[in-house]
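my_file-v5.txt (compact mmCIF, C-alpha atoms and all ligand atoms) appears below.
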# COMPACT_ATOMS: atom_id res chain seq x y z
CA MET H 805 -86.74 32.95 42.99
CA LEU H 806 -83.41 34.39 41.91
CA THR H 807 -83.23 37.71 40.08
CA LYS H 808 -80.05 38.70 38.28
CA LEU H 809 -79.51 42.32 37.29
CA LYS H 810 -76.36 43.96 36.01
CA LEU H 811 -74.56 47.26 36.36
CA PHE H 812 -72.07 47.23 33.49
CA ASP H 813 -69.93 44.14 34.22
CA SER H 814 -71.01 43.81 37.83
CA PRO H 815 -73.88 41.35 38.44
CA ILE H 816 -76.39 41.77 41.25
CA TYR H 817 -78.02 38.57 42.49
CA MET H 818 -81.19 39.00 44.51
CA GLY H 819 -83.24 36.39 46.32
CA TYR H 820 -83.54 34.27 49.44
CA ASP H 821 -81.22 31.73 47.86
CA CYS H 822 -78.71 34.03 46.17
CA LEU H 823 -75.77 32.84 48.25
CA SER H 824 -75.70 29.60 46.26
CA GLN H 825 -74.53 31.76 43.33
CA LEU H 826 -71.78 33.18 45.49
CA GLN H 827 -70.56 29.65 46.04
CA LYS H 828 -70.12 29.24 42.27
CA ILE H 829 -68.46 32.62 41.86
CA ILE H 830 -65.89 32.02 44.56
CA LYS H 831 -65.06 28.67 43.03
CA LYS H 832 -64.46 30.39 39.69
CA LEU H 833 -62.45 33.26 41.16
CA ASN H 834 -60.31 30.89 43.16
CA PRO H 835 -58.90 33.66 45.38
CA SER H 836 -55.61 33.24 47.21
CA ARG H 837 -57.25 34.34 50.45
CA VAL H 838 -60.69 35.57 51.51
CA PHE H 839 -61.09 38.48 53.93
CA ILE H 840 -64.51 39.18 55.38
CA ILE H 841 -65.14 42.70 56.66
CA LEU H 842 -68.07 42.92 59.02
CA ASP H 843 -69.39 44.61 62.15
CA ARG H 844 -70.63 43.00 65.32
CA ASN H 845 -74.25 42.85 64.16
CA SER H 846 -73.61 41.46 60.71
CA LYS H 847 -71.30 38.97 62.39
CA ARG H 848 -73.95 38.00 64.91
CA PHE H 849 -76.87 37.74 62.51
CA CYS H 850 -75.49 36.91 59.06
CA LEU H 851 -72.04 35.34 59.19
CA ASN H 852 -73.17 31.87 60.12
CA GLN H 853 -75.52 31.58 57.18
CA LEU H 854 -72.84 32.89 54.82
CA ILE H 855 -70.16 30.41 55.77
CA THR H 856 -72.61 27.53 56.07
CA VAL H 857 -73.91 28.02 52.54
CA CYS H 858 -70.60 29.06 50.98
CA THR H 859 -68.30 26.22 51.79
CA GLN H 860 -66.00 27.57 49.09
CA ILE H 861 -64.94 30.27 51.56
CA LYS H 862 -62.17 28.28 53.16
CA GLN H 863 -60.53 29.55 56.34
CA PRO H 864 -61.42 33.19 55.85
CA TYR H 865 -59.78 36.03 57.73
CA TYR H 866 -62.06 38.41 59.57
CA PHE H 867 -61.75 42.13 60.11
CA GLU H 868 -64.41 43.37 62.49
CA LEU H 869 -65.46 46.96 63.07
CA LYS H 870 -67.66 48.25 65.83
CA GLU H 871 -70.97 49.52 64.56
CA GLY H 872 -71.88 52.97 63.31
CA GLU H 873 -70.88 55.91 61.17
CA ASN H 874 -67.75 56.72 63.21
CA GLU H 875 -66.17 53.49 61.97
CA LYS H 876 -66.10 54.72 58.36
CA SER H 877 -62.70 56.33 58.86
CA LEU H 878 -59.20 56.49 57.42
CA GLU H 879 -57.86 55.33 60.80
CA ASN H 880 -59.78 52.10 60.39
CA CYS H 881 -58.53 51.77 56.81
CA GLN H 882 -55.02 51.95 58.13
CA LYS H 883 -55.78 49.24 60.68
CA LEU H 884 -57.25 47.10 57.92
CA PHE H 885 -54.21 47.63 55.66
CA ASN H 886 -51.89 46.59 58.51
CA TYR H 887 -53.98 43.48 59.01
CA LEU H 888 -54.07 42.62 55.29
CA ILE H 889 -50.29 42.96 55.02
CA LYS H 890 -49.77 40.89 58.16
CA LYS H 891 -51.92 38.12 56.66
CA ASN H 892 -50.10 38.30 53.30
CA ALA H 893 -53.03 39.56 51.27
CA ASP H 894 -52.10 39.89 47.61
CA ARG H 895 -53.88 41.07 44.49
CA LYS H 896 -55.54 37.67 44.06
CA SER H 897 -57.15 38.03 47.47
CA LEU H 898 -60.89 38.64 47.70
CA ILE H 899 -62.57 41.00 50.13
CA ILE H 900 -66.18 40.33 51.11
CA ASN H 901 -68.11 43.21 52.68
CA LEU H 902 -70.79 41.72 54.89
CA GLY H 903 -72.81 44.48 56.49
CA GLY H 904 -74.75 47.70 56.15
CA GLY H 905 -73.85 50.84 54.24
CA VAL H 906 -70.94 51.59 56.55
CA ILE H 907 -69.23 48.27 55.83
CA CYS H 908 -69.95 48.44 52.07
CA ASP H 909 -68.61 52.01 51.78
CA PHE H 910 -65.58 51.32 53.98
CA GLY H 911 -64.68 47.89 52.59
CA GLY H 912 -65.26 49.03 49.01
CA PHE H 913 -62.91 51.97 49.48
CA ALA H 914 -60.21 49.93 51.21
CA SER H 915 -60.39 47.29 48.46
CA THR H 916 -60.08 50.01 45.81
CA VAL H 917 -56.81 51.44 47.11
CA PHE H 918 -55.11 48.43 48.70
CA LYS H 919 -52.37 47.30 46.29
CA ARG H 920 -54.08 49.51 43.69
CA GLY H 921 -57.17 47.38 43.87
CA VAL H 922 -58.30 43.94 44.93
CA LYS H 923 -61.64 42.41 44.02
CA PHE H 924 -64.49 42.91 46.45
CA ILE H 925 -67.98 41.52 46.79
CA ASN H 926 -70.82 43.27 48.62
CA ILE H 927 -73.28 41.32 50.73
CA PRO H 928 -75.55 44.05 52.11
CA THR H 929 -77.34 43.21 55.35
CA THR H 930 -79.51 46.30 55.98
CA LEU H 931 -82.37 47.66 53.91
CA MET H 932 -80.36 50.86 53.31
CA ALA H 933 -77.43 48.87 51.92
CA GLN H 934 -79.64 46.51 49.89
CA ILE H 935 -81.51 49.28 48.06
CA ASP H 936 -78.70 51.79 47.81
CA ALA H 937 -75.26 51.71 49.42
CA SER H 938 -74.06 48.36 48.03
CA ILE H 939 -74.91 49.38 44.48
CA GLY H 940 -73.51 51.97 42.12
CA GLY H 941 -69.79 51.98 42.86
CA LYS H 942 -69.53 54.94 45.22
CA VAL H 943 -67.07 53.89 47.90
CA GLY H 944 -65.55 56.04 50.59
CA VAL H 945 -64.92 57.06 54.15
CA ASN H 946 -65.54 60.16 56.23
CA HIS H 947 -62.79 62.65 56.98
CA ASN H 948 -63.05 63.87 60.55
CA VAL H 949 -66.65 65.06 60.72
CA TYR H 950 -67.06 65.52 56.97
CA LYS H 951 -69.13 62.80 55.31
CA ASN H 952 -67.75 60.70 52.43
CA GLN H 953 -64.95 63.14 51.68
CA ILE H 954 -62.36 60.51 50.75
CA GLY H 955 -63.57 58.11 48.13
CA SER H 956 -63.72 56.81 44.63
CA PHE H 957 -65.91 55.08 42.09
CA ASN H 958 -65.32 51.37 41.85
CA LEU H 959 -67.84 48.64 41.20
CA PRO H 960 -67.89 45.49 43.29
CA HIS H 961 -67.13 42.29 41.46
CA SER H 962 -70.70 41.31 42.33
CA VAL H 963 -73.46 41.99 44.85
CA PHE H 964 -75.63 39.45 46.70
CA ILE H 965 -78.89 40.72 48.13
CA ASN H 966 -80.24 38.09 50.48
CA TYR H 967 -83.67 39.25 51.70
CA GLU H 968 -83.35 36.97 54.69
CA PHE H 969 -80.58 39.11 56.17
CA ILE H 970 -82.70 42.18 56.78
CA LYS H 971 -85.13 40.25 58.99
CA THR H 972 -82.98 40.95 62.06
CA ILE H 973 -82.44 44.67 61.59
CA SER H 974 -83.89 46.86 64.32
CA PHE H 975 -87.13 48.73 63.81
CA ASN H 976 -85.18 52.00 64.04
CA ASN H 977 -82.83 51.00 61.25
CA LEU H 978 -85.61 49.65 59.05
CA ASN H 979 -87.58 52.79 59.58
CA ALA H 980 -84.55 55.04 58.85
CA SER H 981 -83.83 53.14 55.63
CA PHE H 982 -87.29 53.98 54.36
CA SER H 983 -86.10 57.54 53.81
CA GLU H 984 -84.14 56.29 50.76
CA VAL H 985 -87.21 54.40 49.53
CA LEU H 986 -89.34 57.54 49.87
CA LYS H 987 -86.62 59.47 48.06
CA TYR H 988 -86.77 57.11 45.06
CA GLY H 989 -90.49 57.75 44.76
CA LEU H 990 -90.10 61.52 45.06
CA ILE H 991 -87.34 61.88 42.48
CA TYR H 992 -88.20 59.23 39.95
CA ASN H 993 -91.37 57.29 40.22
CA GLN H 994 -94.76 58.65 41.12
CA LYS H 995 -96.25 55.15 41.07
CA LEU H 996 -93.78 53.92 43.66
CA TRP H 997 -94.53 57.01 45.76
CA GLN H 998 -98.25 56.18 45.69
CA GLU H 999 -97.59 52.61 46.79
CA LEU H 1000 -95.60 53.68 49.83
CA ASP H 1001 -97.47 53.37 53.06
CA SER H 1002 -96.21 53.10 56.62
CA SER H 1003 -97.85 49.65 56.90
CA LEU H 1004 -94.77 48.49 54.95
CA LEU H 1005 -92.81 48.94 58.16
CA THR H 1006 -94.37 45.76 59.49
CA CYS H 1007 -94.41 43.84 56.21
CA SER H 1008 -92.52 40.55 56.47
CA ASP H 1009 -91.43 40.41 52.84
CA LEU H 1010 -89.95 43.53 51.26
CA SER H 1011 -88.44 41.73 48.28
CA HIS H 1012 -90.63 43.44 45.66
CA LEU H 1013 -89.95 46.86 47.09
CA ILE H 1014 -86.20 46.20 47.24
CA GLU H 1015 -86.14 45.07 43.63
CA LYS H 1016 -88.04 48.19 42.50
CA CYS H 1017 -85.56 50.45 44.31
CA VAL H 1018 -82.53 48.61 42.93
CA ARG H 1019 -83.93 48.91 39.39
CA ILE H 1020 -84.36 52.67 39.83
CA LYS H 1021 -80.82 53.06 41.12
CA LEU H 1022 -79.41 51.01 38.23
CA ASP H 1023 -81.40 52.97 35.70
CA VAL H 1024 -79.99 56.25 36.99
CA VAL H 1025 -76.39 55.11 37.52
CA LYS H 1026 -76.15 53.50 34.07
CA LYS H 1027 -76.85 56.91 32.53
CA ASP H 1028 -74.24 58.80 34.56
CA TYR H 1029 -71.85 56.59 36.51
CA TYR H 1030 -69.47 59.43 37.48
CA ASP H 1031 -72.17 61.66 38.94
CA ASN H 1032 -71.74 64.62 36.62
CA ASP H 1033 -75.35 64.90 35.62
CA ILE H 1034 -78.54 62.88 36.13
CA ARG H 1035 -77.09 60.73 38.95
CA ARG H 1036 -77.26 63.87 41.07
CA ILE H 1037 -81.01 63.39 41.35
CA LEU H 1038 -80.15 60.72 43.92
CA ASN H 1039 -78.83 63.54 46.12
CA PHE H 1040 -82.31 64.85 46.87
CA GLY H 1041 -82.51 65.44 50.63
CA HIS H 1042 -78.79 64.83 51.04
CA THR H 1043 -77.39 68.38 51.03
CA ILE H 1044 -79.17 69.09 54.30
CA SER H 1045 -78.94 65.56 55.69
CA HIS H 1046 -75.15 65.31 55.23
CA ALA H 1047 -74.77 68.68 56.94
CA ILE H 1048 -76.95 67.43 59.83
CA GLU H 1049 -74.87 64.25 60.12
CA SER H 1050 -71.69 66.33 60.28
CA THR H 1051 -73.09 68.50 63.08
CA TYR H 1052 -73.90 65.35 65.03
CA LEU H 1053 -70.41 63.89 64.43
CA GLN H 1054 -68.88 67.19 65.54
CA ASN H 1055 -70.94 67.25 68.75
CA ASN H 1056 -70.31 63.57 69.48
CA LEU H 1057 -73.99 62.78 69.11
CA LYS H 1058 -75.58 59.98 67.11
CA ILE H 1059 -78.03 60.18 64.26
CA SER H 1060 -78.48 57.57 61.54
CA HIS H 1061 -78.04 58.46 57.89
CA GLY H 1062 -81.68 57.54 57.30
CA ASP H 1063 -83.10 59.69 60.10
CA ALA H 1064 -81.02 62.66 58.94
CA LEU H 1065 -82.22 62.04 55.39
CA ALA H 1066 -85.86 62.09 56.47
CA VAL H 1067 -85.30 65.61 57.85
CA GLY H 1068 -83.42 66.52 54.64
CA LEU H 1069 -86.30 65.25 52.49
CA ILE H 1070 -88.81 67.40 54.33
CA CYS H 1071 -86.63 70.54 54.23
CA GLU H 1072 -85.76 70.06 50.57
CA THR H 1073 -89.40 69.37 49.64
CA TYR H 1074 -90.21 72.66 51.34
CA LEU H 1075 -87.49 74.37 49.27
CA SER H 1076 -88.94 72.75 46.13
CA TYR H 1077 -92.38 74.09 47.06
CA VAL H 1078 -90.92 77.58 47.51
CA GLU H 1079 -88.87 77.50 44.31
CA PHE H 1080 -91.32 75.77 41.97
CA GLY H 1081 -94.59 76.83 43.49
CA PHE H 1082 -96.39 73.51 43.67
CA SER H 1083 -99.50 73.57 45.80
CA SER H 1084 -99.43 73.64 49.59
CA GLN H 1085 -101.71 70.55 49.53
CA LYS H 1086 -98.96 68.69 47.72
CA LEU H 1087 -96.35 69.89 50.20
CA ASN H 1088 -98.57 68.77 53.10
CA HIS H 1089 -99.21 65.42 51.45
CA VAL H 1090 -95.45 64.74 51.08
CA VAL H 1091 -94.69 65.91 54.61
CA ASP H 1092 -97.56 63.84 56.08
CA LYS H 1093 -96.43 60.70 54.28
CA ILE H 1094 -92.78 61.07 55.35
CA SER H 1095 -93.90 61.87 58.90
CA SER H 1096 -96.01 58.71 59.02
CA PHE H 1097 -92.77 56.68 58.77
CA PHE H 1098 -90.77 58.64 61.38
CA ASN H 1099 -90.90 59.84 64.91
CA PHE H 1100 -89.25 63.23 64.56
CA LYS H 1101 -89.45 63.90 68.29
CA LYS H 1102 -86.40 61.67 68.70
CA ILE H 1103 -84.26 64.11 66.67
CA GLU H 1104 -82.39 65.67 69.57
CA THR H 1105 -81.12 68.89 68.13
CA LEU H 1106 -80.75 70.83 64.90
CA ASP H 1107 -78.04 73.45 65.11
CA HIS H 1108 -79.05 75.78 62.28
CA LYS H 1109 -75.82 77.81 62.26
CA LEU H 1110 -73.60 74.76 62.14
CA ILE H 1111 -75.79 73.11 59.50
CA MET H 1112 -75.34 76.19 57.29
CA LYS H 1113 -71.56 75.99 57.76
CA PHE H 1114 -71.49 72.37 56.63
CA ILE H 1115 -73.74 73.05 53.64
CA LYS H 1116 -71.10 75.54 52.46
CA ASN H 1117 -68.50 72.75 52.69
CA ASP H 1118 -70.64 70.18 50.89
CA LYS H 1119 -68.74 68.52 48.05
CA LYS H 1120 -71.64 69.28 45.71
CA SER H 1121 -71.36 73.04 46.31
CA SER H 1122 -69.07 75.19 44.22
CA SER H 1123 -67.92 78.82 44.08
CA GLY H 1124 -70.14 80.04 46.87
CA SER H 1125 -73.44 78.60 45.63
CA ASN H 1126 -75.52 76.09 47.58
CA ASN H 1127 -76.02 73.22 45.17
CA PHE H 1128 -79.31 71.37 45.67
CA THR H 1129 -81.30 68.71 43.91
CA LEU H 1130 -84.97 69.66 44.19
CA ILE H 1131 -88.23 68.27 42.83
CA LYS H 1132 -90.53 70.11 40.44
CA ASP H 1133 -93.24 67.63 41.19
CA ILE H 1134 -93.51 64.19 42.74
CA GLY H 1135 -91.41 61.95 40.47
CA THR H 1136 -89.54 64.77 38.70
CA ALA H 1137 -86.19 66.01 39.99
CA VAL H 1138 -84.08 69.03 39.03
CA ILE H 1139 -80.32 69.11 39.62
CA ASN H 1140 -77.78 71.89 40.31
CA TYR H 1141 -80.25 74.32 41.82
CA ASN H 1142 -78.81 77.22 43.81
CA VAL H 1143 -80.79 78.10 46.93
CA SER H 1144 -80.16 81.18 49.07
CA ASN H 1145 -79.01 80.93 52.68
CA ALA H 1146 -82.20 82.67 53.84
CA LYS H 1147 -84.41 80.04 52.18
CA ILE H 1148 -82.38 77.21 53.69
CA ALA H 1149 -82.83 78.78 57.12
CA ASP H 1150 -86.59 79.04 56.42
CA ALA H 1151 -86.71 75.37 55.48
CA LEU H 1152 -85.08 74.34 58.76
CA SER H 1153 -87.55 76.50 60.69
CA TYR H 1154 -90.41 74.99 58.70
CA PHE H 1155 -89.27 71.50 59.73
CA LYS H 1156 -89.10 72.51 63.38
CA LYS H 1157 -92.53 74.13 63.30
CA THR H 1158 -94.26 71.39 61.34
CA CYS H 1159 -92.65 68.14 62.46
CA GLN H 1160 -91.24 68.63 65.91
CA VAL H 1161 -94.33 69.80 67.73
N1 LIG G 1201 -72.28 54.43 48.66
C1 LIG G 1201 -73.53 54.78 48.50
O1 LIG G 1201 -74.02 54.92 47.38
C2 LIG G 1201 -74.39 54.99 49.72
C3 LIG G 1201 -75.78 55.15 49.59
C4 LIG G 1201 -76.57 55.29 50.74
C5 LIG G 1201 -75.97 55.27 51.99
N2 LIG G 1201 -74.62 55.13 52.08
C6 LIG G 1201 -73.97 55.09 53.40
O2 LIG G 1201 -74.51 53.99 54.13
C7 LIG G 1201 -74.42 54.26 55.53
C8 LIG G 1201 -75.78 53.95 56.16
O3 LIG G 1201 -76.10 52.60 55.92
P1 LIG G 1201 -76.85 51.69 57.03
O4 LIG G 1201 -78.11 52.33 57.42
O5 LIG G 1201 -76.87 50.31 56.52
O6 LIG G 1201 -75.90 51.86 58.30
P2 LIG G 1201 -74.96 50.82 59.09
O7 LIG G 1201 -74.04 50.12 58.19
O8 LIG G 1201 -74.37 51.62 60.19
O9 LIG G 1201 -75.98 49.76 59.68
C9 LIG G 1201 -76.98 50.18 60.58
C10 LIG G 1201 -77.02 49.30 61.81
O10 LIG G 1201 -77.52 48.00 61.46
C11 LIG G 1201 -76.64 47.00 62.01
N3 LIG G 1201 -76.81 45.80 61.18
C12 LIG G 1201 -76.23 45.52 59.99
N4 LIG G 1201 -76.73 44.37 59.50
C13 LIG G 1201 -77.63 43.91 60.40
C14 LIG G 1201 -78.49 42.78 60.46
N5 LIG G 1201 -78.58 41.93 59.44
N6 LIG G 1201 -79.26 42.61 61.55
C15 LIG G 1201 -79.22 43.51 62.58
N7 LIG G 1201 -78.46 44.62 62.56
C16 LIG G 1201 -77.68 44.81 61.48
C17 LIG G 1201 -75.30 47.66 62.01
O11 LIG G 1201 -74.42 47.02 62.90
C18 LIG G 1201 -75.65 49.07 62.44
O12 LIG G 1201 -75.78 49.13 63.83
C19 LIG G 1201 -74.01 55.71 55.67
O13 LIG G 1201 -72.64 55.78 55.99
C20 LIG G 1201 -74.26 56.29 54.29
O14 LIG G 1201 -73.41 57.39 54.01
C21 LIG G 1201 -73.83 54.98 50.99
Full structure transcribed into structure tokens:
Amino acid sequence: MLTKLKLFDSPIYMGYDCLSQLQKIIKKLNPSRVFIILDRNSKRFCLNQLITVCTQIKQPYYFELKEGENEKSLENCQKLFNYLIKKNADRKSLIINLGGGVICDFGGFASTVFKRGVKFINIPTTLMAQIDASIGGKVGVNHNVYKNQIGSFNLPHSVFINYEFIKTISFNNLNASFSEVLKYGLIYNQKLWQELDSSLLTCSDLSHLIEKCVRIKLDVVKKDYYDNDIRRILNFGHTISHAIESTYLQNNLKISHGDALAVGLICETYLSYVEFGFSSQKLNHVVDKISSFFNFKKIETLDHKLIMKFIKNDKKSSSGSNNFTLIKDIGTAVINYNVSNAKIADALSYFKKTCQV
């Protein structure tokens, strides 16, 4: 079954057979050239199906990145721009981002600024990208070790969520992506939260769950596309997780966005408990559920001092305050909440004590 949703003028096609719609769209767009941006895994596992189904993609050009967060860089944008110019890309060219959140963020940003904008289509191939990164128009790259510092808002021409593609993602990546699913439940939808159970990690068909998450994201983004207000609820867990990711980038270590977010969710739930005084049973319930999805022992190191430094530099923070999104209760988020340095340090210690034993 094909589901079609819309974010303003940008359609989102979801289903095992959604690529047949892409075929029609490419025919209609009639691009001068098609460039496919991908990484080695999306190339290995998804490219064949894409070009077999979409015969309208004639003699595409490929730009391949290695895998991982380090690839989301301005240096790689420059390499891509050189390649596009060499291959005579013009404003009627079409860029297709085939990959996870890294490819969608990177390719979306490059498409936004190249020749002041060429059309791009997202074909997300990880759970994280299908439920979140490919949708909503936030595109960008990292600057040195600072996450998503260079970016813009620009919607893809369209998005194609093929559930088949996530069947090959590793258990680690699937598991990390669940942090965003858990986040949706915590900030927006108590019912979704109740449905979440770690048995989903072995479920062979996540289509219903993906659709629920996409609908939540659309609902939020439609109300506040430019992230001045309610969209900030989507940042729950991210103030701490982005700081953790930066410390890892700085120390040349690896941590996935999803794993860092799981730590951020626990720390920021603890902060919510401290600030809003919900019961310790509720705190334990949230922490237990998140912990049932993750193996926190694999988190190598948390450098509290460095994390604090990066929180200060977070793009959400302003004039010396630490800007957090917290939850008053499961399903109810509060934005623009200032939390003291001492409480943040407590939250990190709480995580260590509770989850890393
Ligand atoms: N723009 C947004 O709104 C938004 C939202 C959430 C996350 N993000 C960004 O998304 C990124 C994280 O996304 P991610 O978890 O998809 O990371 P990712 O793109 O690095 O993909 C994770 C891993 O899965 C591999 N992979 C991709 N498709 C595969 C497939 N079909 N089969 C097997 N392996 C496959 C990749 O090669 C990579 O090794 C972060 O940079 C984060 O900042 C952006």
**Item:** Surrounding residues as a PyMOL selection string, ligand LIG 1201 (chain G), max 8 Å, all atoms listed in the file
**Value:** chain H and resi 843-846+848-850+870-873+876+902-909+928-933+936-944+951-952+969-974+977+980-981+984+1060-1062
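With all atoms listed in the file as the atoms that count, the minimum distance from Phe839 of chain H to the choices H:Asp1031, H:Glu968, H:Glu879, H:Glu868 is reached by H:Glu868.
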Show which residues sit within 12 Å of Ile1134 of chain H, as a PDB file with C-alpha atoms, in the coordinates of the input. Count all atoms listed in the file, and ignore same-chain residues fewer than 4 positions away.
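Output file out.pdb is given in full below:
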ATOM      1  CA  LEU H 986     -89.340  57.540  49.870  1.00  0.00           C
ATOM      2  CA  LYS H 987     -86.620  59.470  48.060  1.00  0.00           C
ATOM      3  CA  TYR H 988     -86.770  57.110  45.060  1.00  0.00           C
ATOM      4  CA  GLY H 989     -90.490  57.750  44.760  1.00  0.00           C
ATOM      5  CA  LEU H 990     -90.100  61.520  45.060  1.00  0.00           C
ATOM      6  CA  ILE H 991     -87.340  61.880  42.480  1.00  0.00           C
ATOM      7  CA  TYR H 992     -88.200  59.230  39.950  1.00  0.00           C
ATOM      8  CA  ASN H 993     -91.370  57.290  40.220  1.00  0.00           C
ATOM      9  CA  GLN H 994     -94.760  58.650  41.120  1.00  0.00           C
ATOM     10  CA  LYS H 995     -96.250  55.150  41.070  1.00  0.00           C
ATOM     11  CA  LEU H 996     -93.780  53.920  43.660  1.00  0.00           C
ATOM     12  CA  TRP H 997     -94.530  57.010  45.760  1.00  0.00           C
ATOM     13  CA  GLN H 998     -98.250  56.180  45.690  1.00  0.00           C
ATOM     14  CA  PHE H1040     -82.310  64.850  46.870  1.00  0.00           C
ATOM     15  CA  THR H1073     -89.400  69.370  49.640  1.00  0.00           C
ATOM     16  CA  SER H1076     -88.940  72.750  46.130  1.00  0.00           C
ATOM     17  CA  TYR H1077     -92.380  74.090  47.060  1.00  0.00           C
ATOM     18  CA  PHE H1080     -91.320  75.770  41.970  1.00  0.00           C
ATOM     19  CA  PHE H1082     -96.390  73.510  43.670  1.00  0.00           C
ATOM     20  CA  SER H1083     -99.500  73.570  45.800  1.00  0.00           C
ATOM     21  CA  LYS H1086     -98.960  68.690  47.720  1.00  0.00           C
ATOM     22  CA  LEU H1087     -96.350  69.890  50.200  1.00  0.00           C
ATOM     23  CA  HIS H1089     -99.210  65.420  51.450  1.00  0.00           C
ATOM     24  CA  VAL H1090     -95.450  64.740  51.080  1.00  0.00           C
ATOM     25  CA  LEU H1130     -84.970  69.660  44.190  1.00  0.00           C
ATOM     26  CA  VAL H1138     -84.080  69.030  39.030  1.00  0.00           C
TER      27      VAL H1138
END
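Here atom CA of Gly1124 of chain H and atom CA of Lys1147 of chain H stand 15.2 Å from one another.
You can rank H:Ala1064, H:Leu1004, H:Ile841, H:Leu959 by their closest distance to Val1025 of chain H using only C-alpha atoms, and at the top of that list sits H:Leu959.
Taking atom CA of Gln1054 of chain H and atom CA of Ile1103 of chain H as the two end points, the separation is 15.7 Å.
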**Asked** Residues around (-69.0, 62.9, 60.4), cut-off 8 Å, counting all atoms listed in the file - what are they as a PyMOL selection string?
**Response** chain H and resi 873-874+946-951+1049-1054
Compile a residue-level contact table for segment 930-1001 of chain H against segment 823-828 of chain H at a cut-off of 12 Å, reporting for every qualifying residue the shortest atom pair and its distance in Å to one decimal, with only C-alpha atoms counted, rows ordered by chain and ascending number, as CSV.
residue,atom,partner,partner_atom,distance
H:His961,CA,H:Leu826,CA,11.0
H:Ser962,CA,H:Leu826,CA,8.8
H:Val963,CA,H:Leu826,CA,9.0
H:Phe964,CA,H:Leu823,CA,6.8
H:Ile965,CA,H:Leu823,CA,8.5
H:Asn966,CA,H:Leu823,CA,7.2
H:Tyr967,CA,H:Leu823,CA,10.7
H:Glu968,CA,H:Leu823,CA,10.8
H:Phe969,CA,H:Leu823,CA,11.2
**Request:** Counting all atoms listed in the file, figure out which residue out of H:Asp1023, H:Leu1075, H:Phe924, H:Gln934 gets nearest to Ser1011 of chain H.
**Result:** H:Gln934
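Atom pair atom CA of Ser1153 of chain H / atom CA of Ser1002 of chain H has a distance of 25.3 Å (rounded to one decimal).
Compared by their closest atoms to Phe982 of chain H, and using only C-alpha atoms, the residues H:Ile1139, H:Ile1094, H:Cys822, H:Leu1152 rank with H:Ile1094 nearest.
Distance check against Leu1010 of chain H using only C-alpha atoms: of H:Ile935, H:Val917, H:Ile1148, H:Leu809, the minimum falls on H:Ile935.
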**Item:** Of the listed residues H:Asn892, H:Phe975, H:Gly912, H:Arg920, that which approaches Ile954 of chain H most closely, counting only C-alpha atoms
**Value:** H:Gly912
**Message:** Residues near Tyr1029 of chain H, anyone? I mean within 10 Å using all atoms listed in the file, not counting same-chain ones fewer than 5 positions away, as a ChimeraX atom specification.
**Reply:** /H:811-812,940-942,957-958,1022,1024,1034-1035
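When the distance limit is 12 Å and only C-alpha atoms are what count, the residues near Tyr887 of chain H, minus those fewer than 3 positions from it on the same chain, are Phe839, Ile840, Ile841, Tyr865, Tyr866, Phe867, Glu868, Asn880, Cys881, Gln882, Lys883, Leu884, Lys890, Lys891, Asn892, Ala893, Ala914 and Phe918 of chain H.
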Atoms are missing here; could segment 1005-1015 of chain H be completed with N, CA and C atoms and written as a tab-separated table (two decimals), keeping the file's coordinate frame?
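The new file selection11.tsv reads:
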chain	number	residue	atom	x	y	z
H	1005	LEU	N	-93.78	49.09	57.08
H	1005	LEU	CA	-92.81	48.94	58.16
H	1005	LEU	C	-92.97	47.62	58.90
H	1006	THR	N	-94.16	47.04	58.79
H	1006	THR	CA	-94.37	45.76	59.49
H	1006	THR	C	-94.55	44.60	58.49
H	1007	CYS	N	-94.23	44.87	57.25
H	1007	CYS	CA	-94.41	43.84	56.21
H	1007	CYS	C	-93.25	42.83	56.30
H	1008	SER	N	-93.58	41.54	56.25
H	1008	SER	CA	-92.52	40.55	56.47
H	1008	SER	C	-91.71	40.25	55.21
H	1009	ASP	N	-92.19	40.68	54.07
H	1009	ASP	CA	-91.43	40.41	52.84
H	1009	ASP	C	-91.33	41.69	52.00
H	1010	LEU	N	-90.13	42.27	52.00
H	1010	LEU	CA	-89.95	43.53	51.26
H	1010	LEU	C	-89.26	43.30	49.92
H	1011	SER	N	-89.24	42.05	49.48
H	1011	SER	CA	-88.44	41.73	48.28
H	1011	SER	C	-88.86	42.54	47.05
H	1012	HIS	N	-90.18	42.70	46.86
H	1012	HIS	CA	-90.63	43.44	45.66
H	1012	HIS	C	-90.19	44.90	45.73
H	1013	LEU	N	-90.33	45.45	46.92
H	1013	LEU	CA	-89.95	46.86	47.09
H	1013	LEU	C	-88.44	47.03	46.87
H	1014	ILE	N	-87.67	46.12	47.40
H	1014	ILE	CA	-86.20	46.20	47.24
H	1014	ILE	C	-85.85	46.13	45.76
H	1015	GLU	N	-86.47	45.20	45.06
H	1015	GLU	CA	-86.14	45.07	43.63
H	1015	GLU	C	-86.50	46.35	42.86
